[in-house]
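A short write-up of the structure that comes next.
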Amino acid sequence: MTLGVMWFKRDLRVFDHQALVEAARNRHLLPLYVYEPELVRAPDCAPQHIGFINECLAELDQALTGRGSPLQIQHGEITSVLKRVLDSFGTFTLYSHEETGNALSTARDLRVADWCRANGIRWKESPSNGVVRRFNPEDDWATEWQKRMRKPPLPAPDFLGTPPGILTPNGPMTPYQLGINSADKSQRQRGGRKQALLIMKTLFNEPLTPESGSRLSPYIAYGALSVREVAHKIWKTRADILAMTQEAQPAEMLDSLQSLESRLRSRCQFIQQLESEPRIETMSLRDGVELDREPQFNQDYFDRWRDGETGFPLVDAAMKMLAATGAINFPLRALLINFSSCQLWNHWREPALHLAREFIDYEPGVHYPQVQLHSGLIDSDRQQFTNPIRLAQSLDEDGAFVKRWLPQLEQVPTAYIFKPWTMPLVLQQEIGVLIGKDYPTPVVDHLE
């Protein structure tokens, strides 16, 4: 009997899944997903992540079951689970995608490699997301990325060999069962490939605005969609448009497709950066520039930033939306990071962990380079201070966004909506919004 164990991690799909295609060649296949306590209880994990994953797992199980081998969901340290597989069913070949995750997942993979060597188990990892393991900086990464992306997406296997048995207990677990007592976000995006495909279908019918997001990032982060699938959809849509007469071609859509492709490539490039420089998760890549922030961490400033009570309406509205939905657009993400690091002058690590818990599309390889970039710790030529008032005037001209997420400011006139502390006291009393009581005074002095 030949047995393959397909270990799913952040690749929760059956389409364009190289590891699954190779694992399916075994006579028997055991698809496996493991809730790992050290990852589930890590400071960058939150209930919304587990909820989204569970929704993806439900659809993944349906897809695998329909092909002959249901998903087996376990809880425990991964090498202990693999030992149970070995003890129950004998030797096997382990398949998975390469993962570029946080330091905990990297250490976990090293333990798995040691365990496999010690037990005579072959572990075959497949490349993922265009990330090149052991990348030579002298090579052209962009060319390699294009080479990998241009290959056609792989079809899902038609048939999977029956598993040799069922590991028990088996099945999905709620965040509470996993030891997470905080609540999920009721307004977050729902997980699963069906929802991802629906979004992708509608996405290419209208151009993105500079401030909007594609809404695909959570599905890419957890692998309900592959990067290559999205890239091919972009290229096919562009080809269809270019086949039209020049007069009929929607120029805005072509620009939008170019922007989306650029974001997709940049996403992979950021993950490649973490793959090549793992220390970026915990240390500044510009040695010495953050040392004067370490003793300056202000807990009160952090608490007000985290709770959306800084007194700067765009910052607070962005944080309130993030707390409710797990998502905000790219300019607002950059603002939150920059405001914490460069206005409040707090060290970036604790705010980074808070945002990691908040973002439904949290991807370590994207998150930590972005945090350092917008904290002014990577690019020394980058403007470090983002003016939250001017940005608000640019992104939210009439204050509708601010008023939606800060309803206590609904009656504030547009002229004062981004600087409510400048309202005359008589006006504050007239509209029933007293600064310092109904809405906080600014946490710091701000020079426009």
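Numbering starts fresh at 1 for the residues of each chain in the structure tokens, the chains themselves are lettered A, B, ... in the order given, and ligands are numbered from 1 as they appear.
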
For this session: Can you pull out every residue within 12 Å of Thr422 of chain A, counting only C-alpha atoms, but drop anything in the same chain fewer than 5 positions away, and send it as number ranges by chain?
Result: A: 311-312, 412-413, 415-417, 427-428, 434-435, 441-442

For this session: Please return as an MDAnalysis selection string: the residues of segment 110-237 of chain A that backbone DSSP assigns to strand (DSSP E or B).
Result: chainID A and resid 122:126

Pull C-alpha atoms from the residues just selected and write them as a PDB file, in the first residue's frame.
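The result, written out as result_31.pdb:
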```pdb
ATOM      1  CA  ARG A 122       9.891  11.521   2.749  1.00  0.00           C
ATOM      2  CA  TRP A 123       8.562  15.086   2.822  1.00  0.00           C
ATOM      3  CA  LYS A 124       8.000  16.676  -0.561  1.00  0.00           C
ATOM      4  CA  GLU A 125       7.335  20.427  -0.546  1.00  0.00           C
ATOM      5  CA  SER A 126       6.098  22.322  -3.607  1.00  0.00           C
TER       6      SER A 126
END
```

Exercise. Within 8 Å of Phe92 of chain A, counting only C-alpha atoms, which residues qualify if same-chain residues fewer than 2 places away don't, as a list in words?
Worked result: Thr2, Leu3, Gly4, Val5, Leu86, Gly90, Leu94, Ile121 and Arg122 of chain A

For this session: Do a neighbour search on segment 39-53 of chain A at 8 Å with only C-alpha atoms, toss out local chain neighbours closer than 2 positions, and write the hits as an NGL selection string.
Result: :A and (35-37 or 55-57 or 104-105 or 174-175 or 178-180 or 182-185 or 188-192 or 222 or 326 or 353-354 or 356-358 or 360)

Next, write the just-selected residues to a file, as an mmCIF file, in the first residue's frame, keeping C-alpha atoms as the atom set.
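Generated output (part_31.cif):
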```cif
data_model
loop_
_atom_site.group_PDB
_atom_site.id
_atom_site.type_symbol
_atom_site.label_atom_id
_atom_site.label_comp_id
_atom_site.auth_asym_id
_atom_site.auth_seq_id
_atom_site.Cartn_x
_atom_site.Cartn_y
_atom_site.Cartn_z
ATOM 1 C CA TYR A 35 -5.048 23.165 14.387
ATOM 2 C CA GLU A 36 -1.674 23.698 16.035
ATOM 3 C CA PRO A 37 -1.936 25.094 19.588
ATOM 4 C CA GLU A 55 -15.380 28.346 6.343
ATOM 5 C CA CYS A 56 -12.606 27.515 3.884
ATOM 6 C CA LEU A 57 -12.168 24.068 5.451
ATOM 7 C CA LEU A 104 6.663 29.944 14.868
ATOM 8 C CA SER A 105 5.671 28.270 11.604
ATOM 9 C CA THR A 174 -14.538 26.669 17.138
ATOM 10 C CA PRO A 175 -12.247 29.428 18.441
ATOM 11 C CA LEU A 178 -9.332 26.126 20.716
ATOM 12 C CA GLY A 179 -8.951 28.265 23.816
ATOM 13 C CA ILE A 180 -9.728 31.674 22.275
ATOM 14 C CA SER A 182 -12.687 36.754 22.398
ATOM 15 C CA ALA A 183 -15.431 37.204 19.797
ATOM 16 C CA ASP A 184 -15.314 36.848 16.031
ATOM 17 C CA LYS A 185 -16.102 39.870 13.815
ATOM 18 C CA ARG A 188 -15.975 40.361 8.307
ATOM 19 C CA GLN A 189 -15.763 38.725 4.889
ATOM 20 C CA ARG A 190 -16.900 35.120 4.738
ATOM 21 C CA GLY A 191 -14.352 32.461 3.878
ATOM 22 C CA GLY A 192 -14.465 29.771 1.211
ATOM 23 C CA TYR A 222 -5.419 31.381 3.153
ATOM 24 C CA GLY A 326 -11.248 43.193 9.809
ATOM 25 C CA LEU A 353 0.771 42.424 16.402
ATOM 26 C CA HIS A 354 -2.492 44.251 17.076
ATOM 27 C CA ALA A 356 -2.067 41.307 12.579
ATOM 28 C CA ARG A 357 -4.924 40.174 14.809
ATOM 29 C CA GLU A 358 -7.286 42.702 13.250
ATOM 30 C CA ILE A 360 -8.665 39.305 8.152
#
```

Problem set entry | Among listed residues A:Leu29, A:Leu225, A:Ile166, A:Leu344, nearest Arg304 of chain A (using only C-alpha atoms) |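 Closest residue, counting only C-alpha atoms: A:Leu344.
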
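Rounded to one decimal, atom CA of Glu77 of chain A and atom CA of Glu38 of chain A lie 7.9 Å from each other.
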
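Comparing the minimum interatomic distances between Thr100 of chain A and each of A:Leu285, A:Leu274, A:Ile431, A:Ala19, counting only C-alpha atoms, we find that A:Leu274 sits nearest.
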
Exercise. So how many Å separate atom CA of Leu60 of chain A and atom CA of Ser226 of chain A, to one decimal?
Worked result: 13.9 Å

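For the residues A:Met244, A:Ile73, A:Leu335, A:Leu377, ranking by smallest atom-to-atom distance to Met6 of chain A using only C-alpha atoms places A:Ile73 first.
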
For this session: Considering only C-alpha atoms, return as a list of chain:residue names whatever protein or nucleic-acid residues lie within 7 Å of Asn338 of chain A, sequence-local ones (same chain, fewer than 6 positions apart) excluded.
Result: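 Contacts, in chain order: A:His374, A:Ser375, A:Phe385, A:Thr386.
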
For this session: Excluding Leu322 of chain A and residues on its chain fewer than 6 positions from it, collect all residues at most 9 Å away from it, counting only C-alpha atoms, and give them as a PyMOL selection string.
Result: chain A and resi 328+355+358-359

Problem set entry | Residue nearest Val132 of chain A - candidates A:Asn346, A:Ser276, A:Thr245, A:Ser284, atoms counted: only C-alpha atoms | A:Ser276

Problem set entry | Within 12 Å of Asp396 of chain A using only C-alpha atoms, minus same-chain residues under 5 positions, as a PyMOL selection string | chain A and resi 211+313-315+317-318+331-332+388-391+401-404+414+417-418

Problem set entry | helix (DSSP H, G or I) call set, DSSP backbone run, segment 98-186 of chain A, as a VMD selection string | chain A and resid 103 to 118 141 to 150

Problem set entry | d(atom CA of His17 of chain A, atom CA of Thr65 of chain A) in Å |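 Interatomic distance, atom CA of His17 of chain A to atom CA of Thr65 of chain A: 16.2 Å.
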
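For the choices A:Val366, A:Val230, A:Lys194, A:Ile337, the atom-to-atom distance to Gln384 of chain A is smallest for A:Ile337 when using only C-alpha atoms.
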
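Between Asp140 of chain A and the candidates A:Gln269, A:Thr93, A:Ala392, A:Met283, the tightest atom-to-atom separation, counting only C-alpha atoms, involves A:Gln269.
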